[in-house]
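See below for the structure under consideration.
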Amino acid sequence: MTWGGYRTWTGGKVRRGLVYRSDALSRLTPADVTTVAGLGLTEVVDFRIPAELQYDGADRLPAGLTATSRPVSDLGLYATLVGAIASGDPVQQERMLGGGRAEAYMRDIYRTFVTSPENRAQFAATLREIADGRGPLLYHCTSGKDRTGWLSYVLLRALAVPEDTAERDYLASNTFRGAYDAQVRAGLKQSGRMLNPDLLIPLQEVRTDYLDSATARMEADFGGFYGYLTDGLGLDLRTLAKLQARLVG
């Protein structure tokens, strides 16, 4: 998915075709790979951790393009989820994911986008590469909605896109992923691996509540969004100006 066309406070518009976001590219068909080749990408950044890569496989990319591995922690969510489904035990699944536990897990993950120095370094390196402008760049995680969604939210706000517009862009993942996620739940129920696959809904969706967990932590730790960019991510004014110059027209 590419985004662009959003209006900024400065009166400009975000340019299209320079930054793309995606879910995992490990299941691309040959036709999909041809489509990706047409984007003219010069870099692909993969935020998945080794466990995700091992389970889902490496990205399928056009010849000459190799993904840069830049893992951002999921606090063990992926392993927890795989374990819960593999158990086939409704009681264990309820104990792991029910009663608000899945939602709490998601809020904790979002907070680490702000609190973890390692996570901040991965996001910062990607923003610097976008600013340096070697060519179109794509970044992704497994579902393309949380780690990828957070970075997209941060980038849009760094470009002076209004906060509510950046939030709507973040929430759009629910529209794009809704049918596929429902299909996954139906398949798990049909196969007998989950009696109540709706336990997965808080993990499959993006929610304002999750985003708020990160932004509240941002306020507490760095005094606000600008502090997160400069003190948290270590982006200097020159880099922020380069992002504006490259991505806003």
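Chain labels A, B, ... are given in the sequence in which chains occur in the structure tokens; within each chain residues are numbered consecutively from 1, and ligands are likewise numbered from 1 in the order shown.
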Report task. Run DSSP on the backbone and grab whatever in stretch 56-211 of chain A lands in strand (DSSP E or B); send it over as a PyMOL selection string. Result -> chain A and resi 67-69+137-140
Kindly export the residues of the current selection with all heavy atoms, as a PDB file, in the first residue's frame.
```pdb
ATOM      1  N   ALA A  67      15.977  -7.849   1.289  1.00  0.00           N
ATOM      2  CA  ALA A  67      15.394  -7.146   2.435  1.00  0.00           C
ATOM      3  C   ALA A  67      16.455  -6.851   3.487  1.00  0.00           C
ATOM      4  O   ALA A  67      17.347  -7.669   3.738  1.00  0.00           O
ATOM      5  CB  ALA A  67      14.275  -7.975   3.044  1.00  0.00           C
ATOM      6  N   THR A  68      16.363  -5.691   4.099  1.00  0.00           N
ATOM      7  CA  THR A  68      17.174  -5.341   5.260  1.00  0.00           C
ATOM      8  C   THR A  68      16.412  -5.756   6.508  1.00  0.00           C
ATOM      9  O   THR A  68      15.302  -5.286   6.752  1.00  0.00           O
ATOM     10  CB  THR A  68      17.434  -3.822   5.305  1.00  0.00           C
ATOM     11  OG1 THR A  68      18.139  -3.430   4.136  1.00  0.00           O
ATOM     12  CG2 THR A  68      18.230  -3.437   6.547  1.00  0.00           C
ATOM     13  N   SER A  69      16.991  -6.663   7.285  1.00  0.00           N
ATOM     14  CA  SER A  69      16.337  -7.112   8.518  1.00  0.00           C
ATOM     15  C   SER A  69      16.556  -6.087   9.618  1.00  0.00           C
ATOM     16  O   SER A  69      17.693  -5.737   9.940  1.00  0.00           O
ATOM     17  CB  SER A  69      16.916  -8.465   8.953  1.00  0.00           C
ATOM     18  OG  SER A  69      16.305  -8.885  10.149  1.00  0.00           O
ATOM     19  N   LEU A 137      11.161   3.233  -1.126  1.00  0.00           N
ATOM     20  CA  LEU A 137      11.444   2.280  -0.046  1.00  0.00           C
ATOM     21  C   LEU A 137      10.137   1.666   0.433  1.00  0.00           C
ATOM     22  O   LEU A 137       9.117   2.351   0.521  1.00  0.00           O
ATOM     23  CB  LEU A 137      12.170   3.005   1.095  1.00  0.00           C
ATOM     24  CG  LEU A 137      12.537   2.212   2.354  1.00  0.00           C
ATOM     25  CD1 LEU A 137      13.836   2.749   2.965  1.00  0.00           C
ATOM     26  CD2 LEU A 137      11.423   2.270   3.411  1.00  0.00           C
ATOM     27  N   LEU A 138      10.171   0.385   0.740  1.00  0.00           N
ATOM     28  CA  LEU A 138       9.020  -0.324   1.325  1.00  0.00           C
ATOM     29  C   LEU A 138       9.423  -0.885   2.673  1.00  0.00           C
ATOM     30  O   LEU A 138      10.510  -1.472   2.804  1.00  0.00           O
ATOM     31  CB  LEU A 138       8.571  -1.455   0.400  1.00  0.00           C
ATOM     32  CG  LEU A 138       7.374  -2.314   0.858  1.00  0.00           C
ATOM     33  CD1 LEU A 138       6.572  -2.808  -0.354  1.00  0.00           C
ATOM     34  CD2 LEU A 138       7.790  -3.522   1.712  1.00  0.00           C
ATOM     35  N   TYR A 139       8.573  -0.704   3.684  1.00  0.00           N
ATOM     36  CA  TYR A 139       8.807  -1.352   4.976  1.00  0.00           C
ATOM     37  C   TYR A 139       7.590  -2.187   5.335  1.00  0.00           C
ATOM     38  O   TYR A 139       6.463  -1.882   4.944  1.00  0.00           O
ATOM     39  CB  TYR A 139       9.142  -0.336   6.077  1.00  0.00           C
ATOM     40  CG  TYR A 139       8.193   0.826   6.231  1.00  0.00           C
ATOM     41  CD1 TYR A 139       6.987   0.689   6.905  1.00  0.00           C
ATOM     42  CD2 TYR A 139       8.519   2.080   5.720  1.00  0.00           C
ATOM     43  CE1 TYR A 139       6.122   1.768   7.063  1.00  0.00           C
ATOM     44  CE2 TYR A 139       7.661   3.162   5.862  1.00  0.00           C
ATOM     45  CZ  TYR A 139       6.466   2.989   6.538  1.00  0.00           C
ATOM     46  OH  TYR A 139       5.602   4.052   6.682  1.00  0.00           O
ATOM     47  N   HIS A 140       7.856  -3.264   6.077  1.00  0.00           N
ATOM     48  CA  HIS A 140       6.757  -4.161   6.434  1.00  0.00           C
ATOM     49  C   HIS A 140       7.075  -4.928   7.708  1.00  0.00           C
ATOM     50  O   HIS A 140       8.233  -5.011   8.139  1.00  0.00           O
ATOM     51  CB  HIS A 140       6.478  -5.146   5.285  1.00  0.00           C
ATOM     52  CG  HIS A 140       7.483  -6.258   5.164  1.00  0.00           C
ATOM     53  ND1 HIS A 140       7.387  -7.429   5.875  1.00  0.00           N
ATOM     54  CD2 HIS A 140       8.604  -6.384   4.405  1.00  0.00           C
ATOM     55  CE1 HIS A 140       8.391  -8.228   5.563  1.00  0.00           C
ATOM     56  NE2 HIS A 140       9.150  -7.614   4.689  1.00  0.00           N
TER      57      HIS A 140
END
```
Just the residues within 8 Å of stretch 33-39 of chain A, please, counting only C-alpha atoms, with nothing from its chain fewer than 3 positions along; format it as a PDB file with all heavy atoms, in the first residue's frame.
```
ATOM      1  N   GLY A  17       4.328   7.289  -4.256  1.00  0.00           N
ATOM      2  CA  GLY A  17       5.300   6.477  -4.978  1.00  0.00           C
ATOM      3  C   GLY A  17       6.702   6.477  -4.419  1.00  0.00           C
ATOM      4  O   GLY A  17       7.620   5.923  -5.041  1.00  0.00           O
ATOM      5  N   LEU A  28       4.149 -13.934  -1.685  1.00  0.00           N
ATOM      6  CA  LEU A  28       3.877 -13.322  -2.979  1.00  0.00           C
ATOM      7  C   LEU A  28       3.883 -14.373  -4.091  1.00  0.00           C
ATOM      8  O   LEU A  28       4.720 -15.266  -4.118  1.00  0.00           O
ATOM      9  CB  LEU A  28       4.923 -12.254  -3.296  1.00  0.00           C
ATOM     10  CG  LEU A  28       4.979 -11.006  -2.412  1.00  0.00           C
ATOM     11  CD1 LEU A  28       5.941  -9.990  -3.010  1.00  0.00           C
ATOM     12  CD2 LEU A  28       3.613 -10.388  -2.213  1.00  0.00           C
ATOM     13  N   THR A  29       2.961 -14.224  -5.020  1.00  0.00           N
ATOM     14  CA  THR A  29       2.948 -15.063  -6.212  1.00  0.00           C
ATOM     15  C   THR A  29       3.916 -14.467  -7.234  1.00  0.00           C
ATOM     16  O   THR A  29       4.347 -13.310  -7.092  1.00  0.00           O
ATOM     17  CB  THR A  29       1.541 -15.097  -6.826  1.00  0.00           C
ATOM     18  OG1 THR A  29       1.216 -13.769  -7.276  1.00  0.00           O
ATOM     19  CG2 THR A  29       0.493 -15.548  -5.802  1.00  0.00           C
ATOM     20  N   PRO A  30       4.261 -15.216  -8.281  1.00  0.00           N
ATOM     21  CA  PRO A  30       5.111 -14.635  -9.330  1.00  0.00           C
ATOM     22  C   PRO A  30       4.521 -13.345  -9.909  1.00  0.00           C
ATOM     23  O   PRO A  30       5.267 -12.396 -10.197  1.00  0.00           O
ATOM     24  CB  PRO A  30       5.175 -15.751 -10.376  1.00  0.00           C
ATOM     25  CG  PRO A  30       5.033 -17.014  -9.575  1.00  0.00           C
ATOM     26  CD  PRO A  30       4.068 -16.669  -8.481  1.00  0.00           C
ATOM     27  N   ARG A  60       9.743 -12.754  -0.676  1.00  0.00           N
ATOM     28  CA  ARG A  60       9.945 -13.043  -2.097  1.00  0.00           C
ATOM     29  C   ARG A  60      10.020 -11.704  -2.815  1.00  0.00           C
ATOM     30  O   ARG A  60       9.041 -10.955  -2.850  1.00  0.00           O
ATOM     31  CB  ARG A  60       8.789 -13.886  -2.644  1.00  0.00           C
ATOM     32  CG  ARG A  60       8.739 -15.278  -2.054  1.00  0.00           C
ATOM     33  CD  ARG A  60       7.585 -16.066  -2.648  1.00  0.00           C
ATOM     34  NE  ARG A  60       7.517 -17.402  -2.069  1.00  0.00           N
ATOM     35  CZ  ARG A  60       6.540 -18.269  -2.309  1.00  0.00           C
ATOM     36  NH1 ARG A  60       5.534 -17.932  -3.104  1.00  0.00           N
ATOM     37  NH2 ARG A  60       6.547 -19.469  -1.760  1.00  0.00           N
ATOM     38  N   LEU A  61      11.174 -11.438  -3.379  1.00  0.00           N
ATOM     39  CA  LEU A  61      11.421 -10.116  -3.952  1.00  0.00           C
ATOM     40  C   LEU A  61      11.949 -10.223  -5.373  1.00  0.00           C
ATOM     41  O   LEU A  61      12.488 -11.267  -5.764  1.00  0.00           O
ATOM     42  CB  LEU A  61      12.441  -9.362  -3.084  1.00  0.00           C
ATOM     43  CG  LEU A  61      12.007  -9.039  -1.650  1.00  0.00           C
ATOM     44  CD1 LEU A  61      13.184  -8.508  -0.852  1.00  0.00           C
ATOM     45  CD2 LEU A  61      10.866  -8.032  -1.659  1.00  0.00           C
ATOM     46  N   PRO A  62      11.807  -9.147  -6.154  1.00  0.00           N
ATOM     47  CA  PRO A  62      12.387  -9.139  -7.498  1.00  0.00           C
ATOM     48  C   PRO A  62      13.897  -9.347  -7.444  1.00  0.00           C
ATOM     49  O   PRO A  62      14.550  -9.016  -6.447  1.00  0.00           O
ATOM     50  CB  PRO A  62      12.043  -7.736  -8.012  1.00  0.00           C
ATOM     51  CG  PRO A  62      10.893  -7.277  -7.179  1.00  0.00           C
ATOM     52  CD  PRO A  62      11.078  -7.906  -5.846  1.00  0.00           C
ATOM     53  N   PRO A 136      12.579   4.744  -4.030  1.00  0.00           N
ATOM     54  CA  PRO A 136      11.407   4.270  -3.300  1.00  0.00           C
ATOM     55  C   PRO A 136      11.758   3.163  -2.310  1.00  0.00           C
ATOM     56  O   PRO A 136      12.564   2.276  -2.620  1.00  0.00           O
ATOM     57  CB  PRO A 136      10.490   3.751  -4.409  1.00  0.00           C
ATOM     58  CG  PRO A 136      10.902   4.500  -5.635  1.00  0.00           C
ATOM     59  CD  PRO A 136      12.385   4.686  -5.496  1.00  0.00           C
TER      60      PRO A 136
END
```
Query raised in the report: Quick one: residues within 7 Å of A:Gly98, only C-alpha atoms counted, chain neighbours fewer than 4 positions away excluded, as number ranges by chain?
Result: A: 94, 102, 199
Requested write-out: N, CA, C and O atoms of the selected residues, as a CSV table (one decimal), in the first residue's frame:
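Full text of part.csv as output:
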```csv
chain,number,residue,atom,x,y,z
A,94,GLU,N,-8.4,-19.4,26.0
A,94,GLU,CA,-9.1,-18.4,26.8
A,94,GLU,C,-8.2,-17.8,27.9
A,94,GLU,O,-8.2,-16.6,28.1
A,102,ALA,N,-5.6,-10.1,25.6
A,102,ALA,CA,-5.1,-9.8,24.3
A,102,ALA,C,-4.9,-8.3,24.1
A,102,ALA,O,-3.9,-7.8,23.6
A,199,LEU,N,-11.4,-14.7,19.9
A,199,LEU,CA,-10.3,-14.3,20.8
A,199,LEU,C,-9.2,-13.6,20.1
A,199,LEU,O,-8.5,-12.8,20.7
```
Requested in this report: Give me the residues within 10 Å of A:Leu229 as a ChimeraX atom specification, counting only C-alpha atoms and dropping any in the same chain fewer than 3 places off.
Outcome: /A:120,124,154-155,158,218,222,224-226,232-237,240
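For the set A:Ala172, A:Leu243, A:Ile49, A:Ala24, the residue with the smallest atom-to-atom gap to A:Arg157 is A:Leu243, counting only C-alpha atoms.
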Requested in this report: Identify, on the basis of only C-alpha atoms, every residue whose closest approach to stretch 111-119 of chain A does not exceed 9 Å; exclude the query and any residue fewer than 6 positions from it along the same chain; express the result as a PyMOL selection string.
Outcome: chain A and resi 70-75+147+150+210-211+213-218+221+228+232-233
Query raised in the report: With only C-alpha atoms as the atoms that count, which of A:Gly100, A:Tyr20, A:Gly5, A:Ala245 lies nearest to A:Gly133?
Result: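 Using only C-alpha atoms, A:Gly133 sits closest to A:Ala245.
Closest approach to A:Leu200 among A:Gln244, A:Gln93, A:Thr239, A:Ser26 is made by A:Gln93 (distances from only C-alpha atoms).
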Requested in this report: Excluding A:Thr80 and any residue of its chain fewer than 5 positions from it, enumerate the residues within 12 Å of it, using only C-alpha atoms, and give them as a PyMOL selection string.
Outcome: chain A and resi 51-52+74-75+85-87+92-93+95-97+101-102+105+200+203
Report task. Would you mind reading off the distance between atom CA of A:Glu205 and atom CA of A:Tyr170, one decimal, in Å? Result -> 10.7 Å
